[in-house]
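Asks: Pasting a structure here, questions to come.
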Amino acid sequence: MSEINKKTMGTPDLNEERLETLKGLFPDLFTVEGKLNPDELKKIIDPDLVKETERFEFKWFGKSEAKRTAFTPSKATLVYDDKRSVNPEFADGNMIIEGENLETLKCLLSAYRGRIKCIYIDPPYNTGKDFVYSDKWDESKEEYWEHIGITENGVKVDSNSDSTGRYHSNWINLIFSRLLISRQLLKEDGFIFISIDICEAHHLKKICDEIFGENNFIGNISRATGTRMGTGSRGISRELDYILVYSKDNSSLLKKLPMTKDEIALYNEEDENGKFLTRSLRRTGGENRREDRPSMFYPVKDPDGNDVLPLAPEGWESRWVCGRDTYNELVSNNMIVWKKVKKKDEEKWQVYQKHYLNEEGKESSDLWTDEDGNKKGTKELNALFEGRKIFDNPKPTEIIKKILNSSTDRSDIVLDFFAGSGTTGHSVIDLNKENSTDRKFILIQLPETTSEKSEAFKAGYKKISDITIERNKRVIEKIEKQQAESDPSLFDDENNPFQAGFKVYKLSKSNFPRVDFSPDPEKTEEENLALLNKYIDEKEGMFLSMIEETLVFDEVLLKNGFMLNYSKIKEDTFSKNAVFRVKDKFKECLICLEMTIEKETLKDLEGFKDSLFICLERALDTTIKWNLKHLLGDNLVAV
C-alpha cells in the first residue's frame, strides 16, 4: 500500500497488491522504473507474437470499469450505532451494517480478509425496475457521500429499464464488482451460495466461473418456491429459483446434512454393522435398457441357484446398477440381500443392495423441494411483526440453516451483503440456539427507502435496513421472553440461558479530515506526501480532539486489520499516556490515540519491544518518532 493511501486511511489497494505480487514473482516483466511492461507480459501469453488473440471469454459493457471500481480503495469507515444495537455485550462479532455494500465490503477487507467461512446472498433479481445500487461516483465529491446514504437526502436511484440497451450489463456490473471483493473475504476452505432466478442464472454462472474458477463450481441447486412467480414465459409458469454454490478452493467439501426423523425411519433393517435400508440392484425406468450399458447386463445366482437377469416387469431387458466385478465385491462384503417378492400369484427372488445409515448425515441433493416454499419465509416474518406483511418474499430460515449446516462449523463467520429482511441473521441465531454453537453473522443492507404505500412504511420502517435490524431484535426478544417463561430447551446442560445480541454500524465518511486530500498529479509522490503531512497538521488536531474516542479507535483498528469485536484493556504500566491493549481472535497490539506521546511512555515501551504499537503520527515529534522507530522497528504504526 502506498504511503499516501495509508495516511489517507484508505482500505487496501488490491490493484497495487496484485502488481506487487506479480513483480515479486516475475521482476523481468517490469521496467527499470518499476512499471509493468505489457510487451514482456505478451511474450509469456503469446511467445510467437501472433496477433490473433481470440479466446473464449465473457464480455459485457462496463466490465473493465466494474473491475477497477472493485479494486479501488475506499476512504469510508464504519461508525458504531449504540442506540440501535441489541445486547451488544453478547454480540460476540454479530453485526448489522447499514450502508452501500461495495464500500462496506472494502471497509471490512483489512480485518476480515480470509476469515469468512460462508457467504450467502440473495441479490436483487433483474426485474427491470429501478436500481438502488450504482458504482459511478467520485470519492472526492460530496455527491459520493450522498449516494451511499450518509446525507439526509437518502440514496440515489438509477433506472435499469430494458430500453437503456444495457439492461443485462447494469445488473452484471452490480454483481461482478461485489463478488470480486467477496472472494477476498472468504477463507481458503470457504463457500459462497447465491440465490438467483432463471433470468440471470446463466450470466451469474459465467461471472462466478471467472471469479471463483470453473473448477470450484460445486453445484446449482434447484429450489421449489411453492409459489407461481408471475405468468411465466410463453406458457411455462416459474416455480423454481436457483442457488449457485462455489468454493474458494476445489479441495473443500460440503458437510453432510443432518437427517430428519422420517429419513432415519427408512433404515428399518439391522445387522451386526448397524441399521440399513435396501434398494433394488436393478436399474428402473425405461431409459435404462441393456443396450445403454451392456457390461451391466449379466446373470446372478439367486439363493436357489437359478440365474436371474435384470428383466423389467414389462419383459424388456433392463440392467443392474453396477458391473459384474463390483457385484462380486458387494457379495463378498455382505452388501447384497435377496428377498422373495410376490408378483402375479407367485413368489420370485429379487436382489437388493444394503445402504447403511451414516451417522454423519447425508449428502445434499441439487433439488430442494418443500411444499410450503417461500410461504414459510413470509409466515415466519409476519409472525414476528404481529401478522403484518412488511417485506416481500423473504427466504425461509430453513433454507439458510440448511446452507449453514453444510458449509460451516460451530464458531464460523457468515456474511450476507444483500441482507434484506435479515433472514440470515435470524437463521444464525436460531441455529446457535438449537445446537449450542456460536456462529457469527455480518449483515449488510443499503438504507433503501420503503414505499410510502407499503405496510413497512406505515409501521414506521422508513428504510429496509430498519426492517433488517428490527427483525433480528425481535428474534432475540422472543427467545428472551421464552426463557423468562422457563422453556427448558433454551438453557444448556448447566442451566445457563442462551444469550444473543448484535452491534449496529453505519457506513460513514472517515473521522479523519485527511481523506479529503487530493494528490496533485503534477507533483511527485514525495511532494504530495509533504503536502499531505502539512494538511494533516493543519486540519486534524482540533477535529480529532472533539470526536468520540470509540469512533476513532474503531476506524484505526479496523483499517489496521482488527476485527470489530476486539477487547480493549488499559495498561497500568503507562503513567503519562492512556495506552490500551487490544485483542481480537487473531491479533493484538498496544494503542494510544492521544495528541502527544510523552517521553515517559517511550521509556515504558521498552518492556514491549515485540508488541505492535499504534499511535497518531501528529503525536510524535521528530525525536520521539526516531527513538520509537529504533525501539520498535516495523512494530510502530503511526497513522
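Each chain of the C-alpha cells is named A, B, ... in the order shown, its residues numbered from 1; ligands are numbered from 1 in display order.
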Could you list, as a ChimeraX atom specification, every residue within 9 Å of stretch 91-93 of chain A, counting only C-alpha atoms and ignoring same-chain residues fewer than 2 positions away?

Replies: /A:85-89,95,413,438-442,499-503,563-566

Asks: Pull C-alpha atoms from the residues just selected and write them as an mmCIF file, in the first residue's frame.

Replies:
```
data_model
loop_
_atom_site.group_PDB
_atom_site.id
_atom_site.type_symbol
_atom_site.label_atom_id
_atom_site.label_comp_id
_atom_site.auth_asym_id
_atom_site.auth_seq_id
_atom_site.Cartn_x
_atom_site.Cartn_y
_atom_site.Cartn_z
ATOM 1 C CA SER A 85 -27.586 -2.178 18.834
ATOM 2 C CA VAL A 86 -29.187 -5.030 20.777
ATOM 3 C CA ASN A 87 -27.444 -6.661 23.752
ATOM 4 C CA PRO A 88 -24.014 -5.531 22.452
ATOM 5 C CA GLU A 89 -22.326 -7.248 25.403
ATOM 6 C CA MET A 95 -23.009 -7.087 13.207
ATOM 7 C CA ILE A 413 -18.408 -16.218 10.473
ATOM 8 C CA ASP A 438 -21.557 -19.643 18.399
ATOM 9 C CA ARG A 439 -21.552 -18.831 14.703
ATOM 10 C CA LYS A 440 -21.315 -15.113 13.975
ATOM 11 C CA PHE A 441 -23.178 -13.108 11.323
ATOM 12 C CA ILE A 442 -22.330 -9.950 9.429
ATOM 13 C CA GLN A 499 -27.762 -15.205 25.088
ATOM 14 C CA ALA A 500 -27.503 -13.330 21.801
ATOM 15 C CA GLY A 501 -27.008 -9.780 20.574
ATOM 16 C CA PHE A 502 -25.589 -7.726 17.745
ATOM 17 C CA LYS A 503 -23.933 -4.389 17.126
ATOM 18 C CA MET A 563 -11.992 -7.241 13.814
ATOM 19 C CA LEU A 564 -14.632 -5.053 15.417
ATOM 20 C CA ASN A 565 -15.299 -7.473 18.266
ATOM 21 C CA TYR A 566 -11.940 -6.606 19.802
#
```

Asks: From the list A:Trp368, A:Tyr298, A:Phe512, A:Phe586, which residue is nearest A:Cys322 when using only C-alpha atoms?

Replies: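 That would be A:Tyr298, the residue with the smallest distance to A:Cys322.
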
Asks: I'd like the contact shell of A:Asp366 - 9 Å cut-off, only C-alpha atoms, skipping same-chain residues fewer than 2 positions apart - returned as a ChimeraX atom specification.

Replies: /A:219-223,364,368

Asks: Put those residues in a file: C-alpha atoms, as a compact mmCIF listing (two decimals), in the first residue's frame.

Replies:
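selection.txt written:
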```txt
# COMPACT_ATOMS: atom_id res chain seq x y z
CA GLY A 219 -23.42 -27.26 -7.99
CA ASN A 220 -26.59 -25.45 -8.97
CA ILE A 221 -29.42 -26.19 -6.56
CA SER A 222 -32.92 -26.03 -8.00
CA ARG A 223 -35.29 -24.90 -5.27
CA SER A 364 -27.15 -32.60 -0.17
CA TRP A 368 -34.58 -28.88 -2.81
```

Asks: Which residues come within 10 Å of A:Ile403, counting only C-alpha atoms, excluding same-chain residues fewer than 3 positions away, as a list in words?

Replies: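 In the requested format, the answer is Cys118, Ile119, Tyr120, Phe191, Ile192, Phe193, Ile243, Val245, Leu254, Lys255, Leu257, Ser364, Thr397, Glu398, Ile399, Ile400, Ser406, Ser407 and Thr408 of chain A.
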
Asks: Let's see if you can do this: from backbone DSSP, list all strand (DSSP E) residues in stretch 524-617 of chain A, as a list in words.

Replies: Ser567, Lys568, Ile569, Lys570, Phe580, Arg581, Val582, Lys583, Glu588, Cys589, Leu590, Ile591, Cys592, Phe613, Ile614 and Cys615 of chain A

Asks: Please produce a file of those selected residues containing all heavy atoms, as a compact mmCIF listing (two decimals), in the first residue's frame.

Replies:
```txt
# COMPACT_ATOMS: atom_id res chain seq x y z
N SER A 567 -11.30 -6.73 22.12
CA SER A 567 -11.36 -6.36 23.54
C SER A 567 -10.32 -5.27 23.78
O SER A 567 -9.28 -5.23 23.13
CB SER A 567 -11.08 -7.57 24.43
OG SER A 567 -9.76 -8.05 24.23
N LYS A 568 -10.60 -4.38 24.73
CA LYS A 568 -9.70 -3.26 25.00
C LYS A 568 -9.53 -3.09 26.51
O LYS A 568 -10.51 -2.90 27.23
CB LYS A 568 -10.27 -1.97 24.39
CG LYS A 568 -9.33 -0.77 24.50
CD LYS A 568 -9.91 0.44 23.78
CE LYS A 568 -11.01 1.08 24.60
NZ LYS A 568 -11.44 2.40 24.05
N ILE A 569 -8.29 -3.20 26.98
CA ILE A 569 -7.98 -3.08 28.41
C ILE A 569 -6.85 -2.06 28.59
O ILE A 569 -5.84 -2.10 27.88
CB ILE A 569 -7.54 -4.43 29.00
CG1 ILE A 569 -8.65 -5.47 28.82
CG2 ILE A 569 -7.17 -4.28 30.48
CD1 ILE A 569 -8.24 -6.87 29.22
N LYS A 570 -7.02 -1.16 29.52
CA LYS A 570 -5.98 -0.15 29.77
C LYS A 570 -4.79 -0.78 30.47
O LYS A 570 -4.94 -1.56 31.41
CB LYS A 570 -6.55 0.99 30.62
CG LYS A 570 -5.59 2.17 30.75
CD LYS A 570 -6.25 3.32 31.49
CE LYS A 570 -5.29 4.50 31.58
NZ LYS A 570 -5.90 5.64 32.33
N PHE A 580 -3.73 1.32 25.64
CA PHE A 580 -4.64 0.19 25.77
C PHE A 580 -4.08 -1.04 25.05
O PHE A 580 -3.45 -0.91 23.99
CB PHE A 580 -6.01 0.53 25.19
CG PHE A 580 -6.70 1.66 25.90
CD1 PHE A 580 -6.47 2.98 25.53
CD2 PHE A 580 -7.57 1.40 26.95
CE1 PHE A 580 -7.10 4.03 26.19
CE2 PHE A 580 -8.21 2.44 27.61
CZ PHE A 580 -7.97 3.76 27.23
N ARG A 581 -4.34 -2.20 25.64
CA ARG A 581 -4.03 -3.46 24.95
C ARG A 581 -5.31 -3.93 24.26
O ARG A 581 -6.35 -4.11 24.89
CB ARG A 581 -3.55 -4.52 25.92
CG ARG A 581 -3.21 -5.85 25.23
CD ARG A 581 -2.54 -6.83 26.17
NE ARG A 581 -1.23 -6.36 26.60
CZ ARG A 581 -0.12 -6.47 25.85
NH1 ARG A 581 -0.18 -7.04 24.66
NH2 ARG A 581 1.03 -6.03 26.32
N VAL A 582 -5.20 -4.13 22.96
CA VAL A 582 -6.34 -4.53 22.13
C VAL A 582 -6.10 -5.93 21.58
O VAL A 582 -5.00 -6.23 21.10
CB VAL A 582 -6.57 -3.52 20.99
CG1 VAL A 582 -7.55 -4.08 19.97
CG2 VAL A 582 -7.08 -2.20 21.54
N LYS A 583 -7.12 -6.78 21.65
CA LYS A 583 -7.02 -8.15 21.12
C LYS A 583 -8.27 -8.49 20.33
O LYS A 583 -9.38 -8.09 20.69
CB LYS A 583 -6.89 -9.17 22.26
CG LYS A 583 -5.58 -9.17 23.00
CD LYS A 583 -5.59 -10.32 24.04
CE LYS A 583 -4.30 -10.35 24.84
NZ LYS A 583 -4.29 -11.48 25.81
N GLU A 588 -3.09 -8.80 18.30
CA GLU A 588 -3.16 -7.92 19.45
C GLU A 588 -2.15 -6.79 19.27
O GLU A 588 -1.19 -6.88 18.50
CB GLU A 588 -2.94 -8.65 20.76
CG GLU A 588 -1.56 -9.16 21.03
CD GLU A 588 -1.46 -9.76 22.44
OE1 GLU A 588 -1.28 -8.98 23.40
OE2 GLU A 588 -1.58 -10.99 22.56
N CYS A 589 -2.40 -5.69 19.97
CA CYS A 589 -1.50 -4.53 19.86
C CYS A 589 -1.66 -3.65 21.09
O CYS A 589 -2.57 -3.82 21.91
CB CYS A 589 -1.82 -3.71 18.61
SG CYS A 589 -3.36 -2.77 18.73
N LEU A 590 -0.75 -2.69 21.21
CA LEU A 590 -0.91 -1.58 22.13
C LEU A 590 -1.30 -0.37 21.30
O LEU A 590 -0.78 -0.18 20.19
CB LEU A 590 0.39 -1.30 22.89
CG LEU A 590 0.91 -2.41 23.81
CD1 LEU A 590 2.26 -2.00 24.39
CD2 LEU A 590 -0.08 -2.70 24.93
N ILE A 591 -2.21 0.46 21.82
CA ILE A 591 -2.65 1.62 21.05
C ILE A 591 -2.83 2.82 21.96
O ILE A 591 -3.35 2.70 23.08
CB ILE A 591 -3.95 1.30 20.27
CG1 ILE A 591 -4.40 2.51 19.44
CG2 ILE A 591 -5.06 0.83 21.20
CD1 ILE A 591 -5.52 2.19 18.46
N CYS A 592 -2.38 3.96 21.48
CA CYS A 592 -2.56 5.23 22.18
C CYS A 592 -2.94 6.29 21.14
O CYS A 592 -2.18 6.50 20.18
CB CYS A 592 -1.29 5.64 22.91
SG CYS A 592 -1.42 7.27 23.69
N PHE A 613 2.61 -1.35 18.19
CA PHE A 613 2.20 -0.12 18.86
C PHE A 613 1.63 0.84 17.82
O PHE A 613 2.30 1.21 16.85
CB PHE A 613 3.37 0.53 19.59
CG PHE A 613 3.01 1.82 20.28
CD1 PHE A 613 2.09 1.81 21.33
CD2 PHE A 613 3.57 3.02 19.89
CE1 PHE A 613 1.75 3.00 21.97
CE2 PHE A 613 3.24 4.21 20.52
CZ PHE A 613 2.32 4.20 21.57
N ILE A 614 0.36 1.24 18.01
CA ILE A 614 -0.32 2.14 17.08
C ILE A 614 -0.54 3.47 17.77
O ILE A 614 -1.03 3.53 18.91
CB ILE A 614 -1.68 1.55 16.64
CG1 ILE A 614 -1.48 0.21 15.94
CG2 ILE A 614 -2.40 2.51 15.71
CD1 ILE A 614 -2.77 -0.50 15.58
N CYS A 615 -0.19 4.55 17.07
CA CYS A 615 -0.40 5.89 17.61
C CYS A 615 -0.66 6.86 16.46
O CYS A 615 -0.58 6.49 15.29
CB CYS A 615 0.80 6.34 18.43
SG CYS A 615 2.32 6.48 17.46
```

Asks: From stretch 353-521 of chain A, collect each residue whose DSSP state is helix (DSSP H, G or I) and return the set as a PyMOL selection string.

Replies: chain A and resi 374-384+397-407+423-435+455-458+464-484+488-490+513-516

Asks: Residues near stretch 380-382 of chain A, anyone? I mean within 9 Å using only C-alpha atoms, not counting same-chain ones fewer than 4 positions away, as a JSON list (two decimals) with N, CA and C atoms, in the first residue's frame.

Replies:
```
[["chain", "number", "residue", "atom", "x", "y", "z"],
["A", 375, "LYS", "N", -43.61, -19.49, 1.14],
["A", 375, "LYS", "CA", -44.68, -19.15, 2.07],
["A", 375, "LYS", "C", -44.21, -19.26, 3.52],
["A", 376, "LYS", "N", -43.31, -20.20, 3.77],
["A", 376, "LYS", "CA", -42.78, -20.36, 5.13],
["A", 376, "LYS", "C", -42.03, -19.10, 5.57],
["A", 386, "GLU", "N", -46.52, -9.19, 14.31],
["A", 386, "GLU", "CA", -47.95, -9.18, 14.63],
["A", 386, "GLU", "C", -48.84, -9.38, 13.40],
["A", 387, "GLY", "N", -48.39, -10.23, 12.48],
["A", 387, "GLY", "CA", -49.20, -10.55, 11.33],
["A", 387, "GLY", "C", -49.11, -9.57, 10.17],
["A", 388, "ARG", "N", -48.33, -8.51, 10.31],
["A", 388, "ARG", "CA", -48.21, -7.51, 9.24],
["A", 388, "ARG", "C", -47.17, -7.95, 8.22],
["A", 389, "LYS", "N", -47.50, -7.76, 6.96],
["A", 389, "LYS", "CA", -46.58, -8.12, 5.88],
["A", 389, "LYS", "C", -45.70, -6.90, 5.58],
["A", 390, "ILE", "N", -44.50, -6.90, 6.12],
["A", 390, "ILE", "CA", -43.65, -5.72, 5.97],
["A", 390, "ILE", "C", -42.50, -5.93, 4.98],
["A", 391, "PHE", "N", -42.43, -7.13, 4.38],
["A", 391, "PHE", "CA", -41.35, -7.40, 3.43],
["A", 391, "PHE", "C", -41.82, -8.47, 2.46],
["A", 394, "PRO", "N", -39.48, -12.94, 1.65],
["A", 394, "PRO", "CA", -38.28, -13.32, 2.43],
["A", 394, "PRO", "C", -38.02, -14.81, 2.29],
["A", 396, "PRO", "N", -37.13, -18.56, 3.56],
["A", 396, "PRO", "CA", -37.36, -19.28, 4.82],
["A", 396, "PRO", "C", -36.04, -19.52, 5.55],
["A", 397, "THR", "N", -36.09, -19.47, 6.87],
["A", 397, "THR", "CA", -34.87, -19.71, 7.65],
["A", 397, "THR", "C", -34.35, -21.13, 7.43],
["A", 421, "SER", "N", -34.52, -8.57, 4.64],
["A", 421, "SER", "CA", -35.23, -8.56, 5.92],
["A", 421, "SER", "C", -34.39, -9.11, 7.07],
["A", 423, "THR", "N", -32.99, -12.47, 7.12],
["A", 423, "THR", "CA", -33.20, -13.90, 7.32],
["A", 423, "THR", "C", -31.92, -14.61, 7.75],
["A", 471, "ARG", "N", -36.09, -6.97, 12.78],
["A", 471, "ARG", "CA", -36.39, -8.41, 12.75],
["A", 471, "ARG", "C", -35.49, -9.17, 13.73]]
```

Asks: Can you list, as a PyMOL selection string, every protein, DNA or RNA residue that comes within 8 Å of A:Pro38 when you count only C-alpha atoms, leaving out same-chain residues fewer than 3 positions away?

Replies: chain A and resi 29+41-42

Asks: Now that the selection is made, can you save its residues with all heavy atoms as a CSV table (one decimal), in the first residue's frame?

Replies:
```
chain,number,residue,atom,x,y,z
A,29,LEU,N,9.2,-8.8,-15.9
A,29,LEU,CA,8.1,-8.2,-16.6
A,29,LEU,C,8.0,-6.7,-16.4
A,29,LEU,O,7.1,-6.1,-16.9
A,29,LEU,CB,6.8,-8.9,-16.2
A,29,LEU,CG,6.7,-10.4,-16.4
A,29,LEU,CD1,5.3,-10.9,-16.0
A,29,LEU,CD2,7.0,-10.8,-17.8
A,41,LEU,N,4.8,-9.0,-20.9
A,41,LEU,CA,3.7,-9.9,-20.5
A,41,LEU,C,3.2,-10.6,-21.7
A,41,LEU,O,2.8,-11.8,-21.6
A,41,LEU,CB,2.7,-9.0,-19.8
A,41,LEU,CG,1.5,-9.7,-19.1
A,41,LEU,CD1,2.1,-10.6,-18.0
A,41,LEU,CD2,0.5,-8.7,-18.5
A,42,LYS,N,3.1,-9.9,-22.8
A,42,LYS,CA,2.5,-10.6,-24.0
A,42,LYS,C,3.4,-11.7,-24.5
A,42,LYS,O,2.9,-12.7,-25.0
A,42,LYS,CB,2.4,-9.5,-25.1
A,42,LYS,CG,1.7,-10.1,-26.4
A,42,LYS,CD,1.5,-9.0,-27.4
A,42,LYS,CE,0.9,-9.6,-28.7
A,42,LYS,NZ,0.7,-8.7,-29.8
```

Asks: Give me the residues within 10 Å of A:Phe418 as a VMD selection string, counting only C-alpha atoms and dropping any in the same chain fewer than 4 places off.

Replies: chain A and resid 100 to 101 120 to 124 422 424 443 to 446
